[in-house]
>>> print(open('protein-v8.txt').read())   # compact mmCIF, C-alpha atoms
# COMPACT_ATOMS: atom_id res chain seq x y z
CA MET A 1 35.62 -16.22 -37.65
CA MET A 2 36.52 -12.86 -39.10
CA PHE A 3 32.88 -11.81 -38.78
CA GLY A 4 32.91 -12.55 -35.05
CA LEU A 5 36.13 -10.64 -34.64
CA GLU A 6 34.68 -7.60 -36.38
CA ILE A 7 31.70 -7.64 -34.04
CA PHE A 8 34.03 -7.80 -31.07
CA LYS A 9 36.03 -4.83 -32.35
CA SER A 10 32.93 -2.80 -33.00
CA ASP A 11 31.53 -0.38 -30.43
CA ASN A 12 27.95 -1.30 -31.30
CA TYR A 13 27.64 -3.76 -28.47
CA LEU A 14 28.67 -1.03 -26.01
CA LYS A 15 25.87 1.37 -26.96
CA PRO A 16 23.20 -0.21 -24.70
CA LEU A 17 25.63 -0.21 -21.81
CA ASN A 18 26.57 3.43 -22.36
CA GLN A 19 22.90 4.40 -22.52
CA SER A 20 22.22 2.58 -19.24
CA LEU A 21 25.13 4.32 -17.56
CA TYR A 22 23.87 7.66 -18.87
CA TYR A 23 20.45 7.17 -17.33
CA PHE A 24 21.92 6.01 -14.01
CA LYS A 25 24.56 8.75 -13.91
CA PRO A 26 22.63 10.96 -11.39
CA PHE A 27 22.23 7.94 -9.12
CA TYR A 28 25.94 7.11 -9.19
CA GLU A 29 26.91 10.73 -8.63
CA GLY A 30 24.53 10.96 -5.69
CA LEU A 31 25.89 7.74 -4.23
CA PHE A 32 29.44 9.04 -4.60
CA PHE A 33 28.72 12.30 -2.79
CA TYR A 34 26.72 10.47 -0.09
CA THR A 35 29.74 8.20 0.49
CA LEU A 36 32.00 11.24 0.78
CA LEU A 37 29.59 12.80 3.27
CA CYS A 38 29.59 9.62 5.42
CA ILE A 39 33.38 9.50 5.40
CA TRP A 40 33.48 13.16 6.44
CA GLU A 41 31.07 12.61 9.35
CA ILE A 42 32.98 9.55 10.57
CA THR A 43 36.25 11.49 10.36
CA LYS A 44 34.79 14.37 12.36
CA GLN A 45 33.56 12.02 15.09
CA TRP A 46 36.92 10.30 15.26
CA TYR A 47 38.73 13.62 15.44
CA HIS A 48 36.41 14.82 18.19
CA SER A 49 36.82 11.63 20.22
CA ILE A 50 40.63 11.74 19.96
CA PHE A 51 41.34 15.41 20.48
CA PHE A 52 38.39 16.82 22.43
CA MET A 53 37.22 14.02 24.72
CA ASP A 54 39.68 15.00 27.43
CA ILE A 55 38.10 18.46 27.60
CA LEU A 56 34.79 16.85 28.57
CA LYS A 57 36.38 15.00 31.48
CA ASP A 58 35.54 17.41 34.28
CA ASP A 59 35.60 16.94 38.05
CA ALA A 60 32.24 15.16 38.02
CA TYR A 61 33.52 12.65 35.47
CA TYR A 62 36.55 11.74 37.55
CA MET A 63 34.58 11.71 40.80
CA ARG A 64 32.30 9.11 39.27
CA LYS A 65 35.39 7.01 38.64
CA ALA A 66 36.26 7.41 42.33
CA LEU A 67 32.69 6.40 43.22
CA GLU A 68 33.20 3.22 41.21
CA GLN A 69 36.09 2.42 43.53
CA ALA A 70 33.90 3.21 46.55
CA GLU A 71 31.32 0.74 45.24
CA LEU A 72 34.02 -1.93 45.13
CA ALA A 73 34.69 -1.24 48.80
CA PHE A 74 30.96 -1.42 49.53
CA ASP A 75 30.72 -4.81 47.83
CA ALA A 76 33.74 -6.02 49.84
CA ASP A 77 32.06 -4.93 53.10
CA GLU A 78 34.59 -2.13 53.57
CA VAL A 79 33.72 1.46 54.44
CA PRO A 80 32.85 2.74 50.93
CA VAL A 81 35.53 5.29 50.18
CA GLY A 82 37.18 5.35 46.76
CA ALA A 83 39.97 7.41 45.26
CA ILE A 84 41.73 7.93 41.96
CA ILE A 85 44.73 10.03 40.97
CA VAL A 86 44.78 11.81 37.62
CA GLN A 87 47.70 13.38 35.80
CA HIS A 88 47.49 14.98 32.36
CA ASN A 89 43.90 13.71 31.95
CA GLU A 90 44.97 10.12 32.60
CA ILE A 91 44.07 7.99 35.61
CA ILE A 92 47.39 6.77 36.98
CA ALA A 93 46.19 5.21 40.24
CA ARG A 94 43.07 3.81 41.89
CA GLY A 95 42.29 2.75 45.41
CA TYR A 96 39.51 1.91 47.82
CA ASN A 97 39.37 1.14 51.52
CA GLN A 98 40.91 -2.24 52.30
CA VAL A 99 41.27 -1.96 56.07
CA GLU A 100 39.37 -5.16 56.78
CA LEU A 101 40.93 -7.14 53.96
CA LEU A 102 44.52 -6.24 54.82
CA LYS A 103 43.96 -5.97 58.58
CA ASP A 104 45.70 -2.60 58.29
CA ALA A 105 44.25 0.54 59.85
CA THR A 106 46.23 2.69 57.41
CA ALA A 107 44.87 1.01 54.26
CA HIS A 108 42.64 3.93 53.33
CA ALA A 109 41.67 4.66 49.74
CA GLU A 110 43.93 7.72 49.55
CA ILE A 111 46.96 5.87 50.91
CA ILE A 112 46.55 3.01 48.46
CA ALA A 113 46.09 5.42 45.54
CA LEU A 114 49.12 7.49 46.58
CA THR A 115 51.35 4.43 46.89
CA THR A 116 50.23 3.22 43.46
CA ALA A 117 50.89 6.63 41.92
CA PHE A 118 54.37 6.89 43.45
CA GLY A 119 55.22 3.51 41.97
CA ALA A 120 53.73 4.31 38.57
CA LEU A 121 55.64 7.56 38.21
CA GLY A 122 58.78 6.56 40.08
CA SER A 123 58.52 9.72 42.15
CA LYS A 124 57.78 10.60 45.77
CA TYR A 125 56.06 13.88 44.82
CA LEU A 126 52.93 14.49 42.73
CA PRO A 127 52.86 18.23 41.99
CA GLU A 128 51.08 17.81 38.65
CA ALA A 129 48.49 15.28 39.82
CA THR A 130 44.95 15.55 41.18
CA LEU A 131 43.42 13.27 43.80
CA TYR A 132 39.69 12.58 43.58
CA VAL A 133 38.30 10.98 46.72
CA THR A 134 34.67 10.39 47.63
CA LEU A 135 35.01 11.40 51.29
CA GLU A 136 36.86 14.17 53.08
CA PRO A 137 40.35 12.85 53.94
CA CYS A 138 41.07 11.95 57.55
CA LEU A 139 43.94 13.41 59.55
CA MET A 140 46.31 10.60 58.54
CA CYS A 141 45.53 10.93 54.84
CA ALA A 142 45.81 14.71 55.03
CA GLY A 143 49.36 14.26 56.35
CA ALA A 144 50.23 11.83 53.56
CA LEU A 145 48.80 14.24 50.99
CA TYR A 146 50.85 17.06 52.47
CA TRP A 147 54.08 15.09 52.04
CA SER A 148 53.14 14.03 48.52
CA LYS A 149 52.96 17.70 47.46
CA ILE A 150 50.03 16.77 45.27
CA GLY A 151 48.86 19.58 43.03
CA ARG A 152 45.14 19.37 43.70
CA ILE A 153 42.64 17.58 45.92
CA VAL A 154 38.95 17.12 45.07
CA TYR A 155 36.65 15.39 47.52
CA GLY A 156 32.95 14.61 47.66
CA ALA A 157 31.11 14.31 50.97
CA ALA A 158 32.24 15.98 54.18
CA ASP A 159 33.19 13.80 57.15
CA GLU A 160 32.24 15.65 60.31
CA LYS A 161 33.33 12.78 62.55
CA ASN A 162 36.73 11.81 61.17
CA GLY A 163 37.56 14.40 58.53
CA TYR A 164 40.66 16.61 58.77
CA SER A 165 38.53 19.74 59.20
CA ARG A 166 37.45 18.53 62.64
CA TYR A 167 41.07 18.87 63.78
CA PHE A 168 42.05 21.81 61.56
CA PRO A 169 38.93 23.98 61.44
CA GLN A 170 40.94 27.15 60.86
CA GLN A 171 44.14 25.77 59.36
CA TYR A 172 45.04 24.37 55.97
CA PRO A 173 46.64 20.93 56.45
CA PHE A 174 47.82 20.43 52.88
CA HIS A 175 50.89 21.68 51.07
CA PRO A 176 50.77 25.45 50.39
CA LYS A 177 50.78 24.80 46.62
CA THR A 178 47.95 22.26 46.79
CA THR A 179 44.54 23.55 45.70
CA LEU A 180 41.32 22.16 47.17
CA THR A 181 37.82 21.62 45.75
CA GLN A 182 35.04 20.32 47.98
CA GLY A 183 31.55 18.89 47.52
CA VAL A 184 31.80 17.30 44.04
CA LEU A 185 29.00 14.69 43.82
CA ALA A 186 28.73 14.95 47.59
CA ASP A 187 25.15 13.60 47.67
CA GLU A 188 26.10 10.43 45.80
CA ALA A 189 29.08 9.80 48.06
CA ALA A 190 27.05 10.48 51.22
CA PHE A 191 24.25 8.19 50.03
CA LEU A 192 26.71 5.32 49.61
CA MET A 193 28.11 5.88 53.11
CA LYS A 194 24.63 5.99 54.66
CA ALA A 195 23.58 2.84 52.83
CA PHE A 196 26.67 1.02 54.13
CA PHE A 197 26.11 1.90 57.79
CA ARG A 198 22.38 1.31 57.48
CA ARG A 199 23.19 -2.21 56.32
CA LYS A 200 25.44 -2.69 59.35
CA ARG A 201 22.68 -1.92 61.83
>>> encode(input="protein-v8.txt", output="structure tokens")
Amino acid sequence: MMFGLEIFKSDNYLKPLNQSLYYFKPFYEGLFFYTLLCIWEITKQWYHSIFFMDILKDDAYYMRKALEQAELAFDADEVPVGAIIVQHNEIIARGYNQVELLKDATAHAEIIALTTAFGALGSKYLPEATLYVTLEPCLMCAGALYWSKIGRIVYGAADEKNGYSRYFPQQYPFHPKTTLTQGVLADEAAFLMKAFFRRKR
């Protein structure tokens, strides 16, 4: 019994284990540093996604979101116009034409998006927001956008037949502080409109 206890207390039985650990030491050190490197890369990607993703969200990005709304209108057999409203890099409202669904001639994408944004913010003015709409706003929507005092308007395809510019070729119909950008993803928006009316023929 004492003999067994002495063996247990001795370090002799640890020598093979220590030798094995010595030989595998480079492997364990390499594995440790590889693990640290993986953690570092994952942390960098997470940091980039959290803090820098908003920088990558340009006008084309948001116009594609508006086009997604236009596609919903297309699928619902409505004139395919879609709109979103963005504030501080966050989409606060979406809308697409629902004239046929609601039997309401004023149910344009811009009007629906504006109404949603007013309700979301609890405000009748949108000076820090941007509207992205796939088609040039009509005269009615231009008036609504004027009264909303929206900070910026970005639209895709021009509308020579019903767009505001037909009635205000030389005048600016929006609020004086509203800035305007035209022609973002205009070809994609125009293609959707043409496909819709081609299907109607």
>>> closest_residue(input="protein-v8.txt", among="A:Lys161, A:His108, A:Lys124, A:Arg201", to="Cys141 (chain A)", atoms="only C-alpha atoms")
A:His108
>>> closest_residue(input="protein-v8.txt", among="A:Ile153, A:Ala120, A:Ala93, A:Ile84", to="Ala70 (chain A)", atoms="only C-alpha atoms")
A:Ile84
>>> residues_near_point(input="protein-v8.txt", point="(51.7, 9.2, 57.6)", cutoff="12 Å", atoms="only C-alpha atoms", output="PyMOL selection string")
chain A and resi 105-108+110-111+114-115+138-148
>>> closest_residue(input="protein-v8.txt", among="A:Phe174, A:Phe74, A:Tyr61, A:Tyr164", to="Phe196 (chain A)", atoms="only C-alpha atoms")
A:Phe74
>>> atom_distance(input="protein-v8.txt", atom1="CA of Val184 (chain A)", atom2="CA of Arg152 (chain A)")
13.5 Å
>>> residues_near_point(input="protein-v8.txt", point="(45.0, 19.2, 40.1)", cutoff="10 Å", atoms="only C-alpha atoms", output="list in words")
Asp59, Ile85, Val86, Gln87, His88, Asn89, Leu126, Pro127, Glu128, Ala129, Thr130, Leu131, Tyr132, Ile150, Gly151, Arg152, Ile153, Val154, Thr178, Thr179, Leu180 and Thr181 of chain A
>>> atom_distance(input="protein-v8.txt", atom1="CA of Met63 (chain A)", atom2="CA of Ser165 (chain A)")
20.5 Å
>>> closest_residue(input="protein-v8.txt", among="A:Ile92, A:Leu135, A:Ala195, A:Ala158", to="Leu67 (chain A)", atoms="all atoms listed in the file")
A:Leu135
>>> atom_distance(input="protein-v8.txt", atom1="CA of Glu71 (chain A)", atom2="CA of Lys149 (chain A)")
27.6 Å
>>> closest_residue(input="protein-v8.txt", among="A:Arg199, A:Lys65, A:His175, A:Lys57", to="Asp77 (chain A)", atoms="all atoms listed in the file")
A:Arg199
>>> closest_residue(input="protein-v8.txt", among="A:Ala157, A:Ala66, A:Leu101, A:Ala76", to="Phe191 (chain A)", atoms="all atoms listed in the file")
A:Ala157
>>> axis_aligned_box(input="protein-v8.txt", around="region 102-121 of chain A", padding_each_side="8 Å", output="AutoDock Vina command-line options")
--center_x 48.7 --center_y 0.7 --center_z 49.0 --size_x 30.0 --size_y 30.0 --size_z 37.6
>>> residues_around(input="protein-v8.txt", residues="Gln69 (chain A)", least_positions_apart="5", cutoff="8 Å", atoms="only C-alpha atoms", output="list in words")
Val81, Gly82, Ala83, Arg94, Gly95 and Tyr96 of chain A
